[in-house]
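Trainee: What follows is a structure written as structure tokens; I'll ask about it next.
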Amino acid sequence: MAHIQSLPSWLTGRVAARGRDLVARALADEGLRLSQHAVLAAVAEHGPLAQAELVRRLEIDPKDVVGLLNELGDKGLVQRRPDPRDRRKNAVSATTEGLATLRRCAAMADQANRELLTPLSAAERDLLITLLQRLHHADQAQ
């Protein structure tokens, strides 16, 4: 196990899993799951969005989007209306309550990430974020 546990891929996976768990627990206080939060955030930032565009932006299964939107709609966080560019499609947008929920979730996610990075100094946190961003952008460039 020593070799496996020294691999950057294993270490980042374990840290990412802990980070996801911390954020998921924080979002649960708002009654949201990570996938619902991602959809709400995308709709708030880029909406109104057609469901197909949401699938492309989040790279999730189209069948899952319908269920997620239904759940968010039932909570009053998003609404679907005919897309003004193509009346055959629905455009999804965040409601006022959805935007307020998203602001609360952002604060909770920030707190969860502060907890995750507590063992690091401020300089180490900044360096870690810089390095992770570099790795992420290199992956997206391919």
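In the structure tokens, chains take the letters A, B, ... in the order shown, each chain's residues start at 1, and ligands count up from 1 in the order shown.
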Which neighbours of Asp83 in chain A fall inside 10 Å, counting only C-alpha atoms, when residues of the same chain fewer than 6 positions from it are skipped, and could you give them as a list in words?
Mentor: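 Close residues of Asp83 in chain A: Pro48, Leu49, Ala50, Lys89, Asn90, Ala91 and Val92 of chain A.
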Trainee: As a list of chain:residue names, please: the residues near Glu30 in chain A (cut-off 8 Å, only C-alpha atoms, same-chain neighbours under 4 positions excluded).
Mentor: A:Ala26, A:Thr101, A:Cys105
Trainee: Which of chain A counts as strand (DSSP E or B) under DSSP, as a short mmCIF file (atom, residue, chain, number, x, y, z; two decimals) with N, CA and C atoms, in the first residue's frame please?
Mentor:
data_model
loop_
_atom_site.label_atom_id
_atom_site.label_comp_id
_atom_site.auth_asym_id
_atom_site.auth_seq_id
_atom_site.Cartn_x
_atom_site.Cartn_y
_atom_site.Cartn_z
N LEU A 49 -31.34 28.58 -19.38
CA LEU A 49 -30.67 27.57 -20.18
C LEU A 49 -31.65 26.52 -20.66
N ALA A 50 -31.47 26.08 -21.89
CA ALA A 50 -32.21 24.91 -22.38
C ALA A 50 -31.65 23.69 -21.67
N VAL A 78 -35.98 26.54 -9.11
CA VAL A 78 -35.86 26.82 -10.55
C VAL A 78 -37.25 26.81 -11.16
N GLN A 79 -37.32 27.41 -12.34
CA GLN A 79 -38.57 27.38 -13.08
C GLN A 79 -38.25 27.12 -14.55
N ARG A 80 -39.18 26.44 -15.21
CA ARG A 80 -39.07 26.17 -16.64
C ARG A 80 -40.12 27.00 -17.35
N ARG A 81 -39.67 27.64 -18.42
CA ARG A 81 -40.59 28.41 -19.28
C ARG A 81 -40.21 28.14 -20.72
N PRO A 82 -41.13 28.35 -21.64
CA PRO A 82 -40.76 28.17 -23.05
C PRO A 82 -39.57 29.06 -23.41
N ASP A 83 -38.62 28.48 -24.13
CA ASP A 83 -37.43 29.20 -24.56
C ASP A 83 -37.83 30.22 -25.63
N ASP A 86 -36.61 29.31 -29.07
CA ASP A 86 -37.17 28.12 -29.68
C ASP A 86 -38.30 27.63 -28.79
N ARG A 87 -39.52 27.97 -29.13
CA ARG A 87 -40.68 27.69 -28.28
C ARG A 87 -40.93 26.19 -28.07
N ARG A 88 -40.26 25.34 -28.85
CA ARG A 88 -40.41 23.90 -28.67
C ARG A 88 -39.62 23.40 -27.46
N LYS A 89 -38.71 24.23 -26.96
CA LYS A 89 -37.85 23.84 -25.84
C LYS A 89 -38.21 24.65 -24.60
N ASN A 90 -37.83 24.12 -23.46
CA ASN A 90 -37.95 24.85 -22.22
C ASN A 90 -36.62 25.47 -21.85
N ALA A 91 -36.67 26.65 -21.28
CA ALA A 91 -35.49 27.29 -20.72
C ALA A 91 -35.65 27.29 -19.21
N VAL A 92 -34.59 26.97 -18.52
CA VAL A 92 -34.62 26.86 -17.07
C VAL A 92 -33.90 28.06 -16.48
N SER A 93 -34.51 28.66 -15.47
CA SER A 93 -33.87 29.77 -14.77
C SER A 93 -34.04 29.59 -13.27
N ALA A 94 -33.18 30.25 -12.52
CA ALA A 94 -33.26 30.19 -11.06
C ALA A 94 -34.31 31.19 -10.59
#
Trainee: Quick one: residues within 12 Å of range 107-113 of chain A, only C-alpha atoms counted, chain neighbours fewer than 4 positions away excluded, as a PyMOL selection string?
Mentor: chain A and resi 15-16+18-30+32+34+37-38+100-103+117-120+125+129
Trainee: Between CA of Val55 in chain A and CA of Arg104 in chain A, what is the distance in Å, rounded to a tenth?
Mentor: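 Computing it gives 24.5 Å between the two atoms.
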Trainee: Can you list, as a VMD selection string, every protein, DNA or RNA residue that comes within 8 Å of range 61-75 of chain A when you count only C-alpha atoms, leaving out same-chain residues fewer than 4 positions away?
Mentor: chain A and resid 35 to 36 39 to 40 51 to 52 54 to 55 79
Trainee: Emit the selected residues as a short mmCIF file (atom, residue, chain, number, x, y, z; two decimals), in the first residue's frame, including N, CA, C and O atoms.
Mentor:
data_model
loop_
_atom_site.label_atom_id
_atom_site.label_comp_id
_atom_site.auth_asym_id
_atom_site.auth_seq_id
_atom_site.Cartn_x
_atom_site.Cartn_y
_atom_site.Cartn_z
N SER A 35 -25.33 17.18 -6.75
CA SER A 35 -25.79 17.28 -8.14
C SER A 35 -26.84 18.38 -8.29
O SER A 35 -26.85 19.11 -9.29
N GLN A 36 -27.72 18.52 -7.31
CA GLN A 36 -28.72 19.59 -7.36
C GLN A 36 -28.05 20.95 -7.27
O GLN A 36 -28.42 21.89 -7.98
N VAL A 39 -26.49 21.88 -10.65
CA VAL A 39 -27.50 22.32 -11.61
C VAL A 39 -27.98 23.72 -11.28
O VAL A 39 -28.06 24.59 -12.16
N LEU A 40 -28.27 23.97 -10.02
CA LEU A 40 -28.74 25.30 -9.60
C LEU A 40 -27.67 26.36 -9.89
O LEU A 40 -27.98 27.44 -10.40
N GLN A 51 -32.48 22.68 -21.47
CA GLN A 51 -32.03 21.47 -20.78
C GLN A 51 -30.84 20.84 -21.49
O GLN A 51 -29.92 20.37 -20.83
N ALA A 52 -30.84 20.84 -22.82
CA ALA A 52 -29.73 20.25 -23.57
C ALA A 52 -28.43 21.00 -23.30
O ALA A 52 -27.36 20.39 -23.19
N LEU A 54 -27.73 22.58 -20.53
CA LEU A 54 -27.38 22.21 -19.17
C LEU A 54 -26.63 20.88 -19.15
O LEU A 54 -25.61 20.73 -18.46
N VAL A 55 -27.09 19.94 -19.93
CA VAL A 55 -26.43 18.63 -20.06
C VAL A 55 -25.01 18.82 -20.56
O VAL A 55 -24.05 18.23 -20.03
N GLN A 79 -37.32 27.41 -12.34
CA GLN A 79 -38.57 27.38 -13.08
C GLN A 79 -38.25 27.12 -14.55
O GLN A 79 -37.21 27.50 -15.05
#
Trainee: Can you tell me how far CA of Thr96 in chain A sits from CA of Glu53 in chain A, in Å to one decimal?
Mentor: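 CA of Glu53 in chain A lies 21.6 Å from CA of Thr96 in chain A.
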